[in-house]
Every structure is written in C-alpha cells, then in structure tokens.
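Colleague: Let me begin by handing over the structure; questions about it come next.
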Amino acid sequence: MSSNDTPANKALLRKMAREVASRKQAEELLEQKSLALFEANQKLELAIAQLEKSSAENLIKLEFQQQIDALLIHFGRVFLNKNLDDILLDNFAQKLTQNSLISRCNLNIHPSLALGLSNQYFGNENWDNQEPQPGWKDRTLHIPLTINSEKLGNLRIEVSNHDLDLQFVERAILLVAELLCGAINRQHIILRNIESRKIAEESERSTRDFLAMINHELRTPLNGLLGSSELLGETSLTHEQEVLVSNLSQSGELLRTIINDLLDFSKINSGMFELIPSEFEFKSLLSTLNSIFEHKAQEKALLFNISTTESVPPTLEGDLERITQVFVNLIGNAIKFTDQGSVMVSLDWQSEYLTFSVKDTGIGINEESQSKLFQPFTQADRSSKRNYEGTGLGLAICQQLIQLMGGEIKLQSQQGVGTEFSGTIPLKAVKQSEKISDSSAKNKVLSLSEDLAILVVDDIRMNQVIIREMLNKLNISADIAANGIEALQAADARDYDLIFMDCRMPEMDGFEATVELRNRQFTNPVIALTAGTTLSEREKCIECGMDDILTKPYTADDLKSVLLKWSA
C-alpha cells in the first residue's frame with residue numbers, strides 16, 4: 001500500500017479538495033458581487049448625470065420664468081401709465097432679447113392701427129420681415145397678435161437652447177403676447193376715441209356756428225318785417241290798409257314762432273340749449289299772456305280767462321322767456337283748436353312749484369294721437385286736408401322746456417269734448433325789491449326823453465330805420481353809426497347817455513367796440529342789439545362790458561322797457 005493511500009492522506013486530500021472548491025466558489029461569488037456592484041455604480045453615475053442635467057434645466061427654466069415675470073410686471077405698469085411709442089416698444093423688444101434663452105426678437109405692429117408710431121418693426125432689424133406661419137419652425141416661434149379676430153401685429157422669437165422644452169417657452173411667450181395685445185389694443189381704442197371726440201367736437205362746433213349764423217340771419221330780417229308792420233300800424237291807414245297790415249303782422253308773428261321753434265328744437269337736440277334765469281314780476285307774465293291772446297279769443301268769440309291765486313309770489317326767479325314760450329304754445333294751441341266755448345287758464349303756487357292748467361272746449365285728441373303728441377313734427381291730423389297748419393314742434397318743445405326746468409306736463413283729452421294740459425314748473429320765490437312803479441318810471445323817462453342822448457350802432461339800414469322811428473315815437477332823436485369804428489368816433493365827439501350796440505358788424509364788431517369804450521372810461525349803459533339767443537353769446541355780451549341785451553326781433557314796448565330800466 002502506497003503511503004498516499006493511507007487514510008490520513010486521503011482525508012488530507014479530501015480536505016484540500018474541499019478548500020479549493022470553497023475558494024473557487026468564493027472567488028466566483030466575489031466576481032459576481034463585483035460585477036453587480038459595478039453595474040450598480042454605473043446606474044448610479046447615470047442617475048446622478050440625469051439628475052444634474054434635470055437640475056440644470058430646472059435652473060434654466062426658473063431663470064427664464066423669473067425674467068419673463070419681471071418683464072411682465074415692469075411693462076404691465078409702464079403700458080398702463082404711458083402711451084406706446086417707438087422708444088418704449090424698442091425697449092420692450094430689447095428687454096426680451098436680454099432673456100437667457102432668447103437670442104432674437106422681432107415685433108411688428110400692423111400699420112393700419114395708426115398708433116402714431118414712426119416705425120413698424122422693433123427688435124432685430126436683420127431679421128426678414130416675411131410673415132411666417134404661426135407656431136414653431138426649428139427654434140423660432142411666431143405668435144400673431146390679435147384681439148377679437150382683429151390683426152394687431154406679430155411677435156417672433158428665436159431660442160438659443162436646442163434641448164429645452166419648447167412648450168414651456170411657448171406658454172411663457174404667450175403671456176408676453178397677451179400683454180402686448182392689451183397695450184396695443186388699449187392705445188388703439190384711446191386714439192380712436194380721441195379721434196371720435198375730435199370729430200364730435202368739430203361737428204358740435206359746426207352745429208353751434210351754424211345755429212348762431214342761421215339764428216342771426218333769420219331774426220335780423222324778421223326784425224325789419226315785424227318792426228315795419230308795427231310802425232306802419234300806428235300811422236293813419238284806410239280800412240283796407242289796416243287789414244293788410246294786420247295780415248302782415250300776424251304772418252310775421254307766425255313766422256317768428258316757427259323760427260323760434262325750429263331753432264330751439266335744434267339747440268335742445270344738439271345739447272346747446274341753456275336756461276337763463278332772472279327775477280321777474282308775476283304780473284308781467286300775466287300781462288304778456290293777456291295782451292297776446294285776449295284779442296285772438298275775441299275774434300273767435302271764445303271765453304278766455306286767466307285765473308290766479310293769492311298764494312303765487314309777486315316776484316319769482318326763472319327763465320321768463322321760456323316760461324312765457326311754454327304758455328304761449330299751450331294757450332295758442334287751445335285757441336287754435338277751439339271753435340266755440342272757452343279757453344280757461346289757472347295758475348297756482350304749491351311748495352315752490354308754479355302749477356298750471358290750460359283747459360279748452362275744442363276738438364279734443366283721440367287716444368291713439370295722445371301717445372304721440374309730444375313727439376316732434378307730430379300732429380293729430382297730418383293729412384293734406386287738415387284744417388290747422390303748424391310744424392308740430394310746439395308741444396314737443398313745451399315738454400322739453402318744462403323737463404329742463406325740472407317740472408312735468410300731463411295731458412287729458414276727449415275727442416269732441418276738449419283738452420286739458422296741466423303740470424308744474426319749479427320756481428324760486430324772491431323778496432320783491434324796491435322798484436319804481438311803471439307809471440312813475442314812464443313819467444320820468446318821458447320828462448327826460450328830449451334830453452336823452454342816444455347812439456344806435458347797427459350796420460343794416462333797415463334796422464337803423466326801425467329803431468330810429470321807434471325812438472321818434474318816444475320823442476327821442478338818436479344818432480346812427482354803422483360799425484364799431486364809427487361808434488368810437490361818435491362817442492369821442494359827444495357824451496351819450498345810452499348806446500344801443502349791434503354785436504355783428506363789419507370792420508369792428510360790437511364786442512370790440514364795447515371793450516374799447518370801457519377802456520376809454522365810457523361808464524354809461526351799453527345795450528346789446530343781438531339776434532343771438534344762446535347763453536354763450538349773452539355771456540360774451542356781458543363779459544365785454546355791455547349792461548343789458550335787447551333781442552331781435554324787438555317791439556316798441558321792448559325798447560321802451562329797456563329805456564325805462566336804464567334811464568329811470
């Protein structure tokens with residue numbers, strides 16, 4: 001038996017074999033672990049690389065978003081406080097290109113917007129101005145600027161990073177585009193409103209000038225017509241001539257009513273109508289209405305009466321001319337549409353309101369026509385066979401005047417029975433000032449008439465004749481001047497107690513002449529002779545130094561009242 005075959009040796013060999021096997025198994029396990037560790041390390045390095053890349057992108061996004069937010073906040077405030085101009089829009093485009101991700105920017109404003117800009121393109125001028133399709137093309141984003149489908153312009157940007165999330169960039173740039181759209185549209189609306197306001201102001205100015213011109217051109221010849229008929233009526237006439245003069249006077253008064261209605265309606269609807277309040281005596285209103293309508297009612301054999309109560313204050317404050325116009329229209333209509341019976345007017349005072357009622361027994365108004373009666377150019381009978389002429393403006397103007405004064409008017413009517421207009425007009429009761437009575441003032445003016453030195457300044461020959469003849473009836477001989485220059489020369493040559501001054505004249509108008517008279521220390525009254533009825537023209541008369549206004553067409557009584565007021 002060999003020594004190697006001994007049990008001890010065999011045991012040793014088996015032990016050694018086991019150790020070798022164990023070592024190999026350990027080496028294999030170590031190799032496997034090492035490989036697993038290497039793979040894990042590779043994955044870790046890849047994850048770390050991806051994390052670093054993601055963090056860098058997030059930082060870039062964060063920086064980009066912060067820059068966009070700062071841009072939006074800054075220019076949002078600027079656009080609200082300033083008008084868009086070339087410098088502001090160029091700064092906006094440059095500020096956008098200073099962003100870390102935007103390499104180029106081009107802003108195009110549509111030229112049809114007329115924003116007052118010198119340029120159409122802002123930003124990178126070396127970029128072609130061809131209009132691309134909306135959206136991304138490579139690294140370039142094109143966003144059309146629109147509001148309600150209206151084209152305002154275009155915004156284009158180019159990004160410098162190839163790998164960035166373009167949708168993220170687009171969302172941010174869309175906010176920038178919205179800001180631009182709002183600013184451009186806002187300025188467009190502002191400029192459009194300014195242009196519309198200029199057109200409206202020019203239209204209003206033209207309307208005002210036209211009304212002032214047509215007012216003067218219509219009232220001036222009417223002054224000659226009515227003045228001549230009034231003077232002619234005071235001369236010795238045959239019966240046939242008296243009838244002709246009466247027809248002439250009535251036609252002139254009708255024409256004056258129509259002209260006044262048309263001009264007043266135009267002024268009210270153009271927003272140029274203004275009330276001119278002043279103190280007046282209630283009895284003067286009653287006297288005017290009675291003098292106008294007593295004779296007309298007698299001609300138609302109508303019972304006419306104006307009743308008042310003691311509660312009506314003797315002195316009131318309001319626009320007497322317009323209050324008179326309201327009652328003249330209402331009473332005139334009542335008499336015109338009443339063939340038999342009566343026209344009864346009642347006036348009362350209740351809580352700072354003048355209450356009124358004008359009731360007739362005339363033809364009445366059917367229910368269908370009543371709802372339209374206060375509309376302009378409307379009449380109950382509009383056929384060619386109607387018995388009553390007129391423009392259909394009277395009641396419309398009455399309602400508008402009363403509403404302007406803060407009152408109201410109502411209508412009750414039954415066809416074939418009669419009509420009643422009632423309502424209220426707010427007025428202010430004032431303490432009656434101490435005045436010289438009409439009779440004493442009249443006596444005083446008549447006693448001074450021969451001594452009064454009067455100068456009449458008017459460029460129209462017809463008006464010169466009318467006022468001179470009216471003054472002659474009062475035994476007053478007046479000097480005549482045809483323009484402001486002649487008026488100054490006359491005032492230098494003689495001391496006048498009162499000057500009647502026409503406003504519109506060639507060479508030097510009445511406003512300039514009055515200013516110069518005051519500069520030359522002329523302190524006596526200067527009375528405007530004007531066909532203008534607007535508040536602005538009346539204020540101009542007072543501002544230049546005139547003391548009072550005599551409106552054309554005027555009557556001899558109007559002229560006498562002015563003399564009583566300023567000579568007594």
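Letters A, B, ... go to the chains of the structure tokens in the order shown; residues in each chain start at 1; ligands are counted from 1 in the same order.
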Extract, using only C-alpha atoms, all DNA, RNA and protein residues at most 9 Å from Leu411 of chain A, discarding same-chain residues fewer than 4 positions from it, and format them as an MDAnalysis selection string.
Modeller: chainID A and resid 370 419:423
Colleague: How would the residues just picked look written out with N, CA, C and O atoms as a compact mmCIF listing (two decimals), in the first residue's frame?
Modeller:
# COMPACT_ATOMS: atom_id res chain seq x y z
N GLN A 370 -102.81 110.83 -28.74
CA GLN A 370 -102.31 111.38 -27.48
C GLN A 370 -100.93 110.85 -27.14
O GLN A 370 -100.08 111.59 -26.64
N THR A 419 -109.67 119.52 -24.30
CA THR A 419 -108.34 119.08 -23.87
C THR A 419 -107.88 119.92 -22.69
O THR A 419 -108.18 121.12 -22.60
N GLU A 420 -107.14 119.28 -21.79
CA GLU A 420 -106.54 119.99 -20.66
C GLU A 420 -105.08 119.57 -20.51
O GLU A 420 -104.77 118.40 -20.41
N PHE A 421 -104.19 120.57 -20.57
CA PHE A 421 -102.78 120.37 -20.27
C PHE A 421 -102.53 120.92 -18.86
O PHE A 421 -102.91 122.06 -18.55
N SER A 422 -101.91 120.12 -18.02
CA SER A 422 -101.62 120.55 -16.65
C SER A 422 -100.21 120.13 -16.28
O SER A 422 -99.62 119.24 -16.90
N GLY A 423 -99.67 120.78 -15.27
CA GLY A 423 -98.32 120.42 -14.85
C GLY A 423 -97.76 121.37 -13.82
O GLY A 423 -98.48 122.20 -13.24
Colleague: Name all residues at most 12 Å from Ile259 of chain A (count only C-alpha atoms; drop same-chain ones fewer than 4 positions away) and give them as a list in words.
Modeller: Leu211, Ile214, Asn215, His216, Glu217, Leu218, Arg219, Thr220, Pro221, Leu222, Gly252, Glu253, Leu254, Leu255, Leu263, Asp264, Phe265, Ser266, Gly390, Thr391, Leu393, Gly394, Ala531 and Pro553 of chain A
Colleague: Counting only C-alpha atoms, what is within 9 Å of Ile476 of chain A, bar same-chain residues fewer than 3 positions away, as a PyMOL selection string?
Modeller: chain A and resi 449-454+468+470-473
Colleague: Dump C-alpha atoms for the selected residues as a compact mmCIF listing (two decimals), in the first residue's frame?
Modeller:
# COMPACT_ATOMS: atom_id res chain seq x y z
CA SER A 449 -86.79 162.00 -23.33
CA GLU A 450 -85.84 165.23 -25.04
CA ASP A 451 -82.59 165.39 -23.08
CA LEU A 452 -81.52 161.79 -23.64
CA ALA A 453 -78.52 161.41 -25.91
CA ILE A 454 -78.86 158.02 -27.63
CA ARG A 468 -84.91 155.34 -35.02
CA MET A 470 -89.49 153.66 -32.60
CA LEU A 471 -87.41 156.17 -30.64
CA ASN A 472 -89.05 159.04 -32.50
CA LYS A 473 -92.40 157.80 -31.16
Colleague: May I have the residues within 10 Å of segment 459-463 of chain A as a PyMOL selection string, using only C-alpha atoms and disregarding those fewer than 4 positions away in the same chain?
Modeller: chain A and resi 220-221+223-225+227-228+467-469+480-484+502-506+509+552-553
Colleague: With C-alpha atoms retained, export the selected residues as a PDB file, in the first residue's frame.
Modeller:
ATOM      1  CA  THR A 220     -82.405 140.101 -38.498  1.00  0.00           C
ATOM      2  CA  PRO A 221     -84.806 140.426 -41.477  1.00  0.00           C
ATOM      3  CA  ASN A 223     -86.821 142.362 -37.014  1.00  0.00           C
ATOM      4  CA  GLY A 224     -87.321 144.611 -40.039  1.00  0.00           C
ATOM      5  CA  LEU A 225     -90.556 142.855 -41.036  1.00  0.00           C
ATOM      6  CA  GLY A 227     -90.832 146.410 -36.769  1.00  0.00           C
ATOM      7  CA  SER A 228     -92.074 147.868 -40.043  1.00  0.00           C
ATOM      8  CA  ILE A 467     -85.187 151.661 -34.105  1.00  0.00           C
ATOM      9  CA  ARG A 468     -84.911 155.337 -35.022  1.00  0.00           C
ATOM     10  CA  GLU A 469     -88.640 155.506 -35.808  1.00  0.00           C
ATOM     11  CA  ILE A 480     -76.698 156.454 -36.004  1.00  0.00           C
ATOM     12  CA  ALA A 481     -73.365 154.663 -36.522  1.00  0.00           C
ATOM     13  CA  ALA A 482     -72.816 151.807 -38.977  1.00  0.00           C
ATOM     14  CA  ASN A 483     -69.976 149.955 -37.187  1.00  0.00           C
ATOM     15  CA  GLY A 484     -67.752 149.959 -34.120  1.00  0.00           C
ATOM     16  CA  ASP A 502     -75.302 145.689 -32.540  1.00  0.00           C
ATOM     17  CA  CYS A 503     -72.964 142.719 -31.984  1.00  0.00           C
ATOM     18  CA  ARG A 504     -72.162 141.544 -35.516  1.00  0.00           C
ATOM     19  CA  MET A 505     -70.810 144.277 -37.755  1.00  0.00           C
ATOM     20  CA  PRO A 506     -68.006 144.647 -40.340  1.00  0.00           C
ATOM     21  CA  ASP A 509     -67.983 144.408 -34.176  1.00  0.00           C
ATOM     22  CA  LYS A 552     -84.085 140.888 -32.162  1.00  0.00           C
ATOM     23  CA  PRO A 553     -86.813 140.981 -33.262  1.00  0.00           C
TER      24      PRO A 553
END
Colleague: Mind giving me the straight-line distance from atom CA of Thr355 of chain A to atom CA of Arg538 of chain A in Å, one decimal?
Modeller: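 One can read the atom CA of Thr355 of chain A to atom CA of Arg538 of chain A distance as 29.4 Å.
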Colleague: DSSP on the backbone, then: every residue of segment 52-151 of chain A marked strand (DSSP E or B), written as a JSON list (two decimals) with C-alpha atoms, in the first residue's frame.
Modeller:
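out.json, freshly written:
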[["chain", "number", "residue", "atom", "x", "y", "z"],
["A", 102, "ILE", "CA", -33.97, 84.26, -26.33],
["A", 103, "SER", "CA", -31.36, 85.11, -28.92],
["A", 104, "ARG", "CA", -33.50, 87.22, -31.27],
["A", 105, "CYS", "CA", -36.84, 89.06, -31.12],
["A", 106, "ASN", "CA", -38.88, 90.92, -33.71],
["A", 107, "LEU", "CA", -42.09, 92.86, -33.03],
["A", 108, "ASN", "CA", -44.27, 94.03, -35.90],
["A", 109, "ILE", "CA", -47.20, 96.47, -35.39],
["A", 121, "TYR", "CA", -40.77, 96.85, -36.82],
["A", 122, "PHE", "CA", -38.96, 96.71, -33.48],
["A", 123, "GLY", "CA", -36.15, 94.50, -32.22],
["A", 135, "GLY", "CA", -46.15, 78.20, -34.31],
["A", 136, "TRP", "CA", -42.63, 76.74, -34.17],
["A", 137, "LYS", "CA", -40.24, 76.37, -37.06],
["A", 140, "THR", "CA", -38.24, 80.12, -33.99],
["A", 141, "LEU", "CA", -41.70, 80.83, -32.55],
["A", 142, "HIS", "CA", -44.17, 83.06, -34.40],
["A", 143, "ILE", "CA", -47.24, 84.38, -32.49],
["A", 144, "PRO", "CA", -49.86, 86.54, -34.30],
["A", 145, "LEU", "CA", -51.11, 89.43, -32.14],
["A", 146, "THR", "CA", -54.92, 89.56, -32.41],
["A", 147, "ILE", "CA", -57.90, 90.90, -30.45],
["A", 150, "GLU", "CA", -58.60, 91.90, -35.50],
["A", 151, "LYS", "CA", -54.96, 91.73, -36.59]]
Colleague: Find the spatial neighbours of segment 111-113 of chain A, counting only C-alpha atoms, within a cut-off of 12 Å - ignore same-chain residues fewer than 6 positions away - and output them as a PDB file with all heavy atoms, in the first residue's frame.
Modeller:
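The result, stored in result27.pdb:
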ATOM      1  N   ASN A 119     -42.092 103.827 -36.726  1.00  0.00           N
ATOM      2  CA  ASN A 119     -41.633 102.555 -37.278  1.00  0.00           C
ATOM      3  C   ASN A 119     -42.730 101.506 -37.178  1.00  0.00           C
ATOM      4  O   ASN A 119     -43.677 101.642 -36.388  1.00  0.00           O
ATOM      5  CB  ASN A 119     -40.386 102.053 -36.544  1.00  0.00           C
ATOM      6  CG  ASN A 119     -39.230 103.031 -36.692  1.00  0.00           C
ATOM      7  OD1 ASN A 119     -39.027 103.588 -37.766  1.00  0.00           O
ATOM      8  ND2 ASN A 119     -38.483 103.222 -35.617  1.00  0.00           N
ATOM      9  N   GLN A 120     -42.545 100.460 -37.967  1.00  0.00           N
ATOM     10  CA  GLN A 120     -43.464  99.333 -37.938  1.00  0.00           C
ATOM     11  C   GLN A 120     -42.839  98.111 -37.273  1.00  0.00           C
ATOM     12  O   GLN A 120     -43.542  97.291 -36.690  1.00  0.00           O
ATOM     13  CB  GLN A 120     -43.896  98.986 -39.371  1.00  0.00           C
ATOM     14  CG  GLN A 120     -44.890  97.851 -39.480  1.00  0.00           C
ATOM     15  CD  GLN A 120     -45.241  97.544 -40.925  1.00  0.00           C
ATOM     16  OE1 GLN A 120     -44.899  98.302 -41.826  1.00  0.00           O
ATOM     17  NE2 GLN A 120     -45.911  96.414 -41.138  1.00  0.00           N
ATOM     18  N   TYR A 121     -41.492  98.021 -37.347  1.00  0.00           N
ATOM     19  CA  TYR A 121     -40.771  96.853 -36.822  1.00  0.00           C
ATOM     20  C   TYR A 121     -39.859  97.271 -35.677  1.00  0.00           C
ATOM     21  O   TYR A 121     -39.215  98.332 -35.729  1.00  0.00           O
ATOM     22  CB  TYR A 121     -39.947  96.185 -37.914  1.00  0.00           C
ATOM     23  CG  TYR A 121     -40.800  95.607 -39.023  1.00  0.00           C
ATOM     24  CD1 TYR A 121     -41.057  96.338 -40.169  1.00  0.00           C
ATOM     25  CD2 TYR A 121     -41.350  94.333 -38.900  1.00  0.00           C
ATOM     26  CE1 TYR A 121     -41.853  95.815 -41.182  1.00  0.00           C
ATOM     27  CE2 TYR A 121     -42.135  93.804 -39.912  1.00  0.00           C
ATOM     28  CZ  TYR A 121     -42.389  94.553 -41.048  1.00  0.00           C
ATOM     29  OH  TYR A 121     -43.170  94.035 -42.047  1.00  0.00           O
ATOM     30  N   THR A 146     -53.541  89.301 -31.974  1.00  0.00           N
ATOM     31  CA  THR A 146     -54.917  89.564 -32.409  1.00  0.00           C
ATOM     32  C   THR A 146     -55.807  89.826 -31.206  1.00  0.00           C
ATOM     33  O   THR A 146     -55.570  89.319 -30.110  1.00  0.00           O
ATOM     34  CB  THR A 146     -55.500  88.372 -33.195  1.00  0.00           C
ATOM     35  OG1 THR A 146     -55.464  87.208 -32.359  1.00  0.00           O
ATOM     36  CG2 THR A 146     -54.708  88.107 -34.466  1.00  0.00           C
ATOM     37  N   GLU A 150     -59.200  90.742 -34.827  1.00  0.00           N
ATOM     38  CA  GLU A 150     -58.601  91.896 -35.497  1.00  0.00           C
ATOM     39  C   GLU A 150     -57.074  91.792 -35.408  1.00  0.00           C
ATOM     40  O   GLU A 150     -56.516  91.610 -34.334  1.00  0.00           O
ATOM     41  CB  GLU A 150     -59.067  93.204 -34.849  1.00  0.00           C
ATOM     42  CG  GLU A 150     -58.513  94.445 -35.527  1.00  0.00           C
ATOM     43  CD  GLU A 150     -58.989  95.732 -34.860  1.00  0.00           C
ATOM     44  OE1 GLU A 150     -59.688  95.639 -33.828  1.00  0.00           O
ATOM     45  OE2 GLU A 150     -58.660  96.818 -35.361  1.00  0.00           O
ATOM     46  N   LYS A 151     -56.401  91.895 -36.545  1.00  0.00           N
ATOM     47  CA  LYS A 151     -54.956  91.730 -36.593  1.00  0.00           C
ATOM     48  C   LYS A 151     -54.266  92.987 -36.060  1.00  0.00           C
ATOM     49  O   LYS A 151     -54.483  94.097 -36.544  1.00  0.00           O
ATOM     50  CB  LYS A 151     -54.516  91.479 -38.044  1.00  0.00           C
ATOM     51  CG  LYS A 151     -53.059  91.118 -38.204  1.00  0.00           C
ATOM     52  CD  LYS A 151     -52.762  89.764 -37.568  1.00  0.00           C
ATOM     53  CE  LYS A 151     -51.340  89.323 -37.816  1.00  0.00           C
ATOM     54  NZ  LYS A 151     -51.060  89.025 -39.234  1.00  0.00           N
ATOM     55  N   LEU A 152     -53.443  92.796 -35.023  1.00  0.00           N
ATOM     56  CA  LEU A 152     -52.707  93.909 -34.426  1.00  0.00           C
ATOM     57  C   LEU A 152     -51.239  93.913 -34.835  1.00  0.00           C
ATOM     58  O   LEU A 152     -50.616  94.972 -34.883  1.00  0.00           O
ATOM     59  CB  LEU A 152     -52.798  93.864 -32.896  1.00  0.00           C
ATOM     60  CG  LEU A 152     -54.199  93.822 -32.278  1.00  0.00           C
ATOM     61  CD1 LEU A 152     -54.098  93.758 -30.760  1.00  0.00           C
ATOM     62  CD2 LEU A 152     -55.011  95.031 -32.701  1.00  0.00           C
ATOM     63  N   GLY A 153     -50.680  92.729 -35.084  1.00  0.00           N
ATOM     64  CA  GLY A 153     -49.268  92.640 -35.434  1.00  0.00           C
ATOM     65  C   GLY A 153     -48.749  91.218 -35.263  1.00  0.00           C
ATOM     66  O   GLY A 153     -49.530  90.247 -35.213  1.00  0.00           O
ATOM     67  N   ASN A 154     -47.416  91.083 -35.143  1.00  0.00           N
ATOM     68  CA  ASN A 154     -46.782  89.776 -34.988  1.00  0.00           C
ATOM     69  C   ASN A 154     -45.629  89.867 -33.994  1.00  0.00           C
ATOM     70  O   ASN A 154     -44.974  90.914 -33.876  1.00  0.00           O
ATOM     71  CB  ASN A 154     -46.222  89.278 -36.328  1.00  0.00           C
ATOM     72  CG  ASN A 154     -47.310  89.146 -37.379  1.00  0.00           C
ATOM     73  OD1 ASN A 154     -48.089  88.217 -37.357  1.00  0.00           O
ATOM     74  ND2 ASN A 154     -47.356  90.103 -38.307  1.00  0.00           N
ATOM     75  N   ILE A 184     -51.482  97.364 -27.015  1.00  0.00           N
ATOM     76  CA  ILE A 184     -51.736  97.895 -28.362  1.00  0.00           C
ATOM     77  C   ILE A 184     -53.213  98.209 -28.537  1.00  0.00           C
ATOM     78  O   ILE A 184     -53.586  99.276 -29.041  1.00  0.00           O
ATOM     79  CB  ILE A 184     -51.259  96.884 -29.429  1.00  0.00           C
ATOM     80  CG1 ILE A 184     -49.739  96.707 -29.351  1.00  0.00           C
ATOM     81  CG2 ILE A 184     -51.663  97.352 -30.821  1.00  0.00           C
ATOM     82  CD1 ILE A 184     -49.211  95.564 -30.204  1.00  0.00           C
ATOM     83  N   ASN A 185     -54.055  97.287 -28.108  1.00  0.00           N
ATOM     84  CA  ASN A 185     -55.499  97.495 -28.257  1.00  0.00           C
ATOM     85  C   ASN A 185     -55.972  98.678 -27.423  1.00  0.00           C
ATOM     86  O   ASN A 185     -56.826  99.470 -27.858  1.00  0.00           O
ATOM     87  CB  ASN A 185     -56.249  96.233 -27.839  1.00  0.00           C
ATOM     88  CG  ASN A 185     -57.726  96.304 -28.161  1.00  0.00           C
ATOM     89  OD1 ASN A 185     -58.116  96.546 -29.298  1.00  0.00           O
ATOM     90  ND2 ASN A 185     -58.565  96.098 -27.159  1.00  0.00           N
ATOM     91  N   ARG A 186     -55.416  98.806 -26.214  1.00  0.00           N
ATOM     92  CA  ARG A 186     -55.787  99.929 -25.348  1.00  0.00           C
ATOM     93  C   ARG A 186     -55.449 101.244 -26.015  1.00  0.00           C
ATOM     94  O   ARG A 186     -56.266 102.167 -26.049  1.00  0.00           O
ATOM     95  CB  ARG A 186     -55.065  99.802 -24.003  1.00  0.00           C
ATOM     96  CG  ARG A 186     -55.267 100.988 -23.073  1.00  0.00           C
ATOM     97  CD  ARG A 186     -54.582 100.739 -21.728  1.00  0.00           C
ATOM     98  NE  ARG A 186     -54.567 101.924 -20.901  1.00  0.00           N
ATOM     99  CZ  ARG A 186     -53.621 102.860 -20.946  1.00  0.00           C
ATOM    100  NH1 ARG A 186     -52.601 102.707 -21.787  1.00  0.00           N
ATOM    101  NH2 ARG A 186     -53.668 103.917 -20.167  1.00  0.00           N
ATOM    102  N   GLN A 187     -54.235 101.348 -26.561  1.00  0.00           N
ATOM    103  CA  GLN A 187     -53.849 102.610 -27.208  1.00  0.00           C
ATOM    104  C   GLN A 187     -54.684 102.846 -28.469  1.00  0.00           C
ATOM    105  O   GLN A 187     -55.060 103.973 -28.774  1.00  0.00           O
ATOM    106  CB  GLN A 187     -52.363 102.599 -27.573  1.00  0.00           C
ATOM    107  CG  GLN A 187     -51.909 103.839 -28.339  1.00  0.00           C
ATOM    108  CD  GLN A 187     -50.601 104.371 -27.816  1.00  0.00           C
ATOM    109  OE1 GLN A 187     -50.290 104.214 -26.631  1.00  0.00           O
ATOM    110  NE2 GLN A 187     -49.841 104.986 -28.680  1.00  0.00           N
ATOM    111  N   HIS A 188     -54.975 101.762 -29.182  1.00  0.00           N
ATOM    112  CA  HIS A 188     -55.791 101.895 -30.388  1.00  0.00           C
ATOM    113  C   HIS A 188     -57.172 102.448 -30.037  1.00  0.00           C
ATOM    114  O   HIS A 188     -57.703 103.342 -30.721  1.00  0.00           O
ATOM    115  CB  HIS A 188     -55.909 100.532 -31.065  1.00  0.00           C
ATOM    116  CG  HIS A 188     -56.772 100.527 -32.284  1.00  0.00           C
ATOM    117  ND1 HIS A 188     -56.644 101.448 -33.297  1.00  0.00           N
ATOM    118  CD2 HIS A 188     -57.792  99.696 -32.665  1.00  0.00           C
ATOM    119  CE1 HIS A 188     -57.534 101.202 -34.242  1.00  0.00           C
ATOM    120  NE2 HIS A 188     -58.236 100.145 -33.871  1.00  0.00           N
ATOM    121  N   ILE A 189     -57.760 101.920 -28.956  1.00  0.00           N
ATOM    122  CA  ILE A 189     -59.085 102.388 -28.525  1.00  0.00           C
ATOM    123  C   ILE A 189     -59.014 103.840 -28.066  1.00  0.00           C
ATOM    124  O   ILE A 189     -59.886 104.660 -28.397  1.00  0.00           O
ATOM    125  CB  ILE A 189     -59.623 101.482 -27.400  1.00  0.00           C
ATOM    126  CG1 ILE A 189     -59.934 100.094 -27.949  1.00  0.00           C
ATOM    127  CG2 ILE A 189     -60.870 102.086 -26.762  1.00  0.00           C
ATOM    128  CD1 ILE A 189     -60.329  99.087 -26.896  1.00  0.00           C
ATOM    129  N   ILE A 190     -57.964 104.186 -27.290  1.00  0.00           N
ATOM    130  CA  ILE A 190     -57.820 105.558 -26.803  1.00  0.00           C
ATOM    131  C   ILE A 190     -57.712 106.534 -27.970  1.00  0.00           C
ATOM    132  O   ILE A 190     -58.391 107.570 -28.010  1.00  0.00           O
ATOM    133  CB  ILE A 190     -56.589 105.670 -25.878  1.00  0.00           C
ATOM    134  CG1 ILE A 190     -56.844 104.934 -24.558  1.00  0.00           C
ATOM    135  CG2 ILE A 190     -56.244 107.131 -25.611  1.00  0.00           C
ATOM    136  CD1 ILE A 190     -55.634 104.863 -23.652  1.00  0.00           C
ATOM    137  N   LEU A 191     -56.839 106.209 -28.932  1.00  0.00           N
ATOM    138  CA  LEU A 191     -56.659 107.108 -30.073  1.00  0.00           C
ATOM    139  C   LEU A 191     -57.924 107.185 -30.928  1.00  0.00           C
ATOM    140  O   LEU A 191     -58.264 108.249 -31.452  1.00  0.00           O
ATOM    141  CB  LEU A 191     -55.477 106.627 -30.927  1.00  0.00           C
ATOM    142  CG  LEU A 191     -54.095 106.737 -30.264  1.00  0.00           C
ATOM    143  CD1 LEU A 191     -53.020 106.194 -31.187  1.00  0.00           C
ATOM    144  CD2 LEU A 191     -53.781 108.186 -29.892  1.00  0.00           C
ATOM    145  N   ARG A 192     -58.606 106.054 -31.045  1.00  0.00           N
ATOM    146  CA  ARG A 192     -59.858 106.060 -31.811  1.00  0.00           C
ATOM    147  C   ARG A 192     -60.909 106.907 -31.107  1.00  0.00           C
ATOM    148  O   ARG A 192     -61.649 107.664 -31.766  1.00  0.00           O
ATOM    149  CB  ARG A 192     -60.356 104.630 -31.991  1.00  0.00           C
ATOM    150  CG  ARG A 192     -61.545 104.488 -32.937  1.00  0.00           C
ATOM    151  CD  ARG A 192     -61.786 103.030 -33.268  1.00  0.00           C
ATOM    152  NE  ARG A 192     -61.931 102.219 -32.072  1.00  0.00           N
ATOM    153  CZ  ARG A 192     -61.946 100.885 -32.084  1.00  0.00           C
ATOM    154  NH1 ARG A 192     -61.790 100.238 -33.222  1.00  0.00           N
ATOM    155  NH2 ARG A 192     -62.095 100.213 -30.952  1.00  0.00           N
TER     156      ARG A 192
END
Colleague: Report the distance between atom CA of Phe280 of chain A and atom CA of Met405 of chain A in Å, rounded to one decimal place.
Modeller: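 A separation of 15.9 Å between them.
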